[in-house]
Amino acid sequence: MLRDSFGRVATDLRVSLTDRCNLRCSYCMPPEGLDWLPRPELLSADEIVRLVAVGVGRLGVTEVRYTGGEPLLRRELTDIVARTAALRPRPRISLTTNGIGLVRLAAPLAEAGLDRVNVSLDTLEPETFRRLAHRDRLTDVLDGLASAGAAGLRPVKVNAVLMRGVNDREAVPLLRYCLERGYELRFIEQMPLDAQHGWRRENMVTAEEILARLREEFALTEADPAERGSAPAELFSIDGGPARVGVIGSVTRPFCGACDRVRLTADGQIRNCLFATEESDLRTAMRSGAGDDELAERWRAAVRTKKAGHGIDDRSFLQPSRPMSAIGG
């Protein structure tokens, strides 16, 4: 298993398929974009599936989530999902996406074996969307959400990041929109993972603020903490249920003690924490002829060095050099 020195076991693998994206969300990258990874450095589809198979077959991984950048930009995505679904034991397979392209791909992905999607949606207002993402694609995102539900990719989960003075007034409208359509909404505190290194704590809308705004309109009842397990979201039933909303307080209410995640970047690096400042290179070893046993042991060694927590509140905290788009969510 992928056990660290604090006894946590990683069973949830996040795999970035590309660092490219067709949006320019301000909490992730600058409007002009970034210097993308050279294509020879990216893992091929065969290499991705091989490493996922090592994780599933030898290291106890039970859930695989494909991320980016924007994973729908990866041309082999449907094939990668199908080959992942053919692994035994079969892992649960999910996708984190901005939703642009789901109208075309939701049904083929569901047929290939994708179980569910998480779609980023930070605003329902077209002008705010253009301001945030520097693209006029809100309609595409909303249509993509609807297509995911129609294709049976349930539950359809929605991720929203609120920023002070930008979209912080939209907590209640976003929740109402999701409730009306049967989507499961998760609010996520903005994290210091932007390429510009412009994150400031005072600009972040905290979990406590989000809950206070929601409670002005809804009766929220906290779910049994035992039900949460290693999940990052604190869950609350709405007006007696069964609908629920989640809040992920990555900064102010960290859940590091129960973390079960490990990440594989698009260029084949293992990251044992979203905020890690060091990586372990599996790509070079694999391309140099390493067998699956050696790759598995290198992976175990990488996870053993995982720190107790992300350390955002420590004076010595350093933001990772890679932005979220290059790490994978």
# chains A, B, ... in the order shown; residues from 1 in each chain; ligands from 1
>>> residues_around(residues="range 96-107 of chain A", least_positions_apart="2", cutoff="8 Å", atoms="only C-alpha atoms", output="ChimeraX atom specification")
/A:65-68,70-72,94,109-111,117-121,137,140-145,147-148,151,153,329
>>> write_last_selection(atoms="C-alpha atoms", output="PDB file, in the first residue's frame")
ATOM      1  CA  ARG A  65      -9.696  10.975 -10.999  1.00  0.00           C
ATOM      2  CA  TYR A  66      -8.488  12.466 -14.267  1.00  0.00           C
ATOM      3  CA  THR A  67      -7.730  16.180 -14.122  1.00  0.00           C
ATOM      4  CA  GLY A  68      -5.750  18.868 -15.915  1.00  0.00           C
ATOM      5  CA  GLU A  70      -8.483  20.687 -18.772  1.00  0.00           C
ATOM      6  CA  PRO A  71      -8.630  16.916 -19.342  1.00  0.00           C
ATOM      7  CA  LEU A  72     -11.261  17.166 -22.093  1.00  0.00           C
ATOM      8  CA  SER A  94     -14.131  10.378 -12.172  1.00  0.00           C
ATOM      9  CA  LEU A 109     -17.148   8.931 -21.693  1.00  0.00           C
ATOM     10  CA  ALA A 110     -20.051   7.331 -19.847  1.00  0.00           C
ATOM     11  CA  GLU A 111     -20.035   4.469 -22.354  1.00  0.00           C
ATOM     12  CA  VAL A 117     -17.795  14.303 -13.106  1.00  0.00           C
ATOM     13  CA  ASN A 118     -16.886  17.373 -11.065  1.00  0.00           C
ATOM     14  CA  VAL A 119     -17.508  20.553 -13.050  1.00  0.00           C
ATOM     15  CA  SER A 120     -16.104  23.951 -12.062  1.00  0.00           C
ATOM     16  CA  LEU A 121     -18.738  26.697 -12.020  1.00  0.00           C
ATOM     17  CA  ARG A 137     -18.010  30.303 -22.391  1.00  0.00           C
ATOM     18  CA  ASP A 140     -20.940  25.951 -22.841  1.00  0.00           C
ATOM     19  CA  VAL A 141     -20.290  25.093 -19.192  1.00  0.00           C
ATOM     20  CA  LEU A 142     -24.000  25.055 -18.287  1.00  0.00           C
ATOM     21  CA  ASP A 143     -24.825  22.939 -21.341  1.00  0.00           C
ATOM     22  CA  GLY A 144     -21.994  20.585 -20.415  1.00  0.00           C
ATOM     23  CA  LEU A 145     -23.437  20.100 -16.939  1.00  0.00           C
ATOM     24  CA  SER A 147     -25.187  16.754 -20.809  1.00  0.00           C
ATOM     25  CA  ALA A 148     -23.329  15.038 -17.985  1.00  0.00           C
ATOM     26  CA  ALA A 151     -25.501  10.757 -19.905  1.00  0.00           C
ATOM     27  CA  LEU A 153     -22.683  10.608 -14.974  1.00  0.00           C
ATOM     28  CA  GLY A 329      -6.500  19.079  -8.867  1.00  0.00           C
TER      29      GLY A 329
END
>>> select_by_dssp(residues="range 95-182 of chain A", states="alpha helix (DSSP H)", output="NGL selection string")
:A and (102-112 or 126-133 or 138-150 or 171-181)
>>> write_last_selection(atoms="C-alpha atoms", output="CSV table (one decimal), in the first residue's frame")
chain,number,residue,atom,x,y,z
A,102,LEU,CA,-19.0,17.7,-22.3
A,103,VAL,CA,-21.9,18.3,-24.7
A,104,ARG,CA,-19.9,16.2,-27.2
A,105,LEU,CA,-18.0,13.9,-24.8
A,106,ALA,CA,-20.3,13.1,-21.9
A,107,ALA,CA,-22.1,10.2,-23.6
A,108,PRO,CA,-18.9,8.6,-25.1
A,109,LEU,CA,-17.1,8.9,-21.7
A,110,ALA,CA,-20.1,7.3,-19.8
A,111,GLU,CA,-20.0,4.5,-22.4
A,112,ALA,CA,-16.3,4.1,-21.9
A,126,PRO,CA,-22.0,36.0,-18.0
A,127,GLU,CA,-20.1,39.2,-17.3
A,128,THR,CA,-18.6,37.8,-14.1
A,129,PHE,CA,-17.7,34.7,-16.0
A,130,ARG,CA,-15.8,36.7,-18.6
A,131,ARG,CA,-14.1,38.7,-15.9
A,132,LEU,CA,-13.0,35.5,-14.1
A,133,ALA,CA,-12.2,33.2,-17.0
A,138,LEU,CA,-20.6,30.2,-19.6
A,139,THR,CA,-23.3,28.8,-21.8
A,140,ASP,CA,-20.9,26.0,-22.8
A,141,VAL,CA,-20.3,25.1,-19.2
A,142,LEU,CA,-24.0,25.1,-18.3
A,143,ASP,CA,-24.8,22.9,-21.3
A,144,GLY,CA,-22.0,20.6,-20.4
A,145,LEU,CA,-23.4,20.1,-16.9
A,146,ALA,CA,-26.8,19.2,-18.4
A,147,SER,CA,-25.2,16.8,-20.8
A,148,ALA,CA,-23.3,15.0,-18.0
A,149,GLY,CA,-26.6,14.5,-16.1
A,150,ALA,CA,-28.3,13.2,-19.3
A,171,ALA,CA,-23.3,31.6,-2.9
A,172,VAL,CA,-27.0,31.4,-2.6
A,173,PRO,CA,-27.8,31.7,-6.3
A,174,LEU,CA,-25.3,28.9,-7.1
A,175,LEU,CA,-26.8,26.7,-4.5
A,176,ARG,CA,-30.4,27.3,-5.7
A,177,TYR,CA,-29.3,26.6,-9.3
A,178,CYS,CA,-27.8,23.3,-8.3
A,179,LEU,CA,-30.7,22.2,-6.1
A,180,GLU,CA,-33.2,22.9,-9.0
A,181,ARG,CA,-31.2,20.5,-11.3
>>> residues_around(residues="Thr305 in chain A", least_positions_apart="3", cutoff="12 Å", atoms="only C-alpha atoms", output="list of chain:residue names")
A:Leu2, A:Arg3, A:Asp4, A:Ser5, A:Phe6, A:Gly7, A:Arg8, A:Val262, A:Ile270, A:Arg271, A:Asn272, A:Cys273, A:Ala276, A:Thr277, A:Glu278, A:Glu279, A:Ser280, A:Arg298, A:Trp299, A:Arg300, A:Ala301, A:Ala302, A:Ala308, A:Gly309
>>> closest_residue(among="A:Arg213, A:Arg116, A:Arg92, A:His310", to="Phe255 in chain A", atoms="only C-alpha atoms")
A:His310
>>> residues_around(residues="Glu184 in chain A", least_positions_apart="5", cutoff="7 Å", atoms="only C-alpha atoms", output="ChimeraX atom specification")
/A:155-158,178,244-245
>>> atom_distance(atom1="CA of Ile210 in chain A", atom2="CA of Ala160 in chain A")
11.0 Å
>>> closest_atom_pairs(of="range 172-273 of chain A", to="range 25-41 of chain A", cutoff="12 Å", atoms="only C-alpha atoms", output="CSV")
residue,atom,partner,partner_atom,distance
A:Ile188,CA,A:Tyr27,CA,11.9
A:Glu189,CA,A:Tyr27,CA,10.9
A:Gln190,CA,A:Tyr27,CA,7.4
A:Met191,CA,A:Tyr27,CA,8.1
A:Pro192,CA,A:Tyr27,CA,8.3
A:Leu193,CA,A:Cys28,CA,6.5
A:Asp194,CA,A:Cys28,CA,4.2
A:Ala195,CA,A:Met29,CA,5.1
A:Gln196,CA,A:Met29,CA,6.6
A:His197,CA,A:Tyr27,CA,9.2
A:Gly198,CA,A:Tyr27,CA,8.3
A:Trp199,CA,A:Tyr27,CA,7.7
A:Arg200,CA,A:Tyr27,CA,10.7
A:Asn203,CA,A:Tyr27,CA,10.9
A:Met204,CA,A:Tyr27,CA,10.4
A:Thr265,CA,A:Glu41,CA,10.7
A:Ala266,CA,A:Glu41,CA,8.3
A:Asp267,CA,A:Glu41,CA,5.5
A:Gly268,CA,A:Glu41,CA,8.3
A:Gln269,CA,A:Glu41,CA,10.7
>>> write_last_selection(atoms="C-alpha atoms", output="mmCIF file, in the first residue's frame")
data_model
loop_
_atom_site.group_PDB
_atom_site.id
_atom_site.type_symbol
_atom_site.label_atom_id
_atom_site.label_comp_id
_atom_site.auth_asym_id
_atom_site.auth_seq_id
_atom_site.Cartn_x
_atom_site.Cartn_y
_atom_site.Cartn_z
ATOM 1 C CA ILE A 188 -13.879 25.463 -2.129
ATOM 2 C CA GLU A 189 -11.731 28.046 -0.377
ATOM 3 C CA GLN A 190 -9.348 29.740 -2.794
ATOM 4 C CA MET A 191 -5.885 28.237 -2.347
ATOM 5 C CA PRO A 192 -2.381 29.618 -2.986
ATOM 6 C CA LEU A 193 -1.887 27.756 -6.255
ATOM 7 C CA ASP A 194 -2.105 30.524 -8.858
ATOM 8 C CA ALA A 195 0.710 30.932 -11.361
ATOM 9 C CA GLN A 196 0.982 34.644 -10.560
ATOM 10 C CA HIS A 197 1.554 33.964 -6.826
ATOM 11 C CA GLY A 198 -1.000 36.696 -6.153
ATOM 12 C CA TRP A 199 -3.033 34.802 -3.540
ATOM 13 C CA ARG A 200 -3.807 36.840 -0.428
ATOM 14 C CA ASN A 203 -9.162 38.086 -0.543
ATOM 15 C CA MET A 204 -10.247 34.527 0.225
ATOM 16 C CA THR A 265 1.405 15.070 -13.003
ATOM 17 C CA ALA A 266 1.056 15.130 -16.775
ATOM 18 C CA ASP A 267 4.846 14.762 -17.081
ATOM 19 C CA GLY A 268 5.061 11.746 -14.801
ATOM 20 C CA GLN A 269 5.961 13.189 -11.416
#
>>> residues_around(residues="range 222-237 of chain A", least_positions_apart="3", cutoff="8 Å", atoms="only C-alpha atoms", output="list in words")
Arg186, Gly240, Gly241, Pro242, Ala243, Arg244, Val245, Gly246, Val247, Ile248, Gly249, Ser250, Phe255, Ala258, Cys259 and Asp260 of chain A
>>> atom_distance(atom1="CA of Arg74 in chain A", atom2="CA of Leu17 in chain A")
6.6 Å
>>> atom_distance(atom1="CA of Pro320 in chain A", atom2="CA of Leu211 in chain A")
28.6 Å
>>> select_by_dssp(residues="range 87-318 of chain A", states="strand (DSSP E)", output="count of residues only")
44
>>> residues_around(residues="Gly113 in chain A", least_positions_apart="4", cutoff="7 Å", atoms="only C-alpha atoms", output="PDB file with C-alpha atoms, in the first residue's frame")
ATOM      1  CA  VAL A  81     -10.993   5.964 -19.464  1.00  0.00           C
ATOM      2  CA  ALA A  82     -11.990   2.720 -21.212  1.00  0.00           C
ATOM      3  CA  ALA A  85     -12.294   0.728 -16.532  1.00  0.00           C
ATOM      4  CA  LEU A 109     -17.148   8.931 -21.693  1.00  0.00           C
TER       5      LEU A 109
END
>>> closest_residue(among="A:Leu318, A:Ala212, A:Leu59, A:Val64", to="Asp293 in chain A", atoms="only C-alpha atoms")
A:Leu59
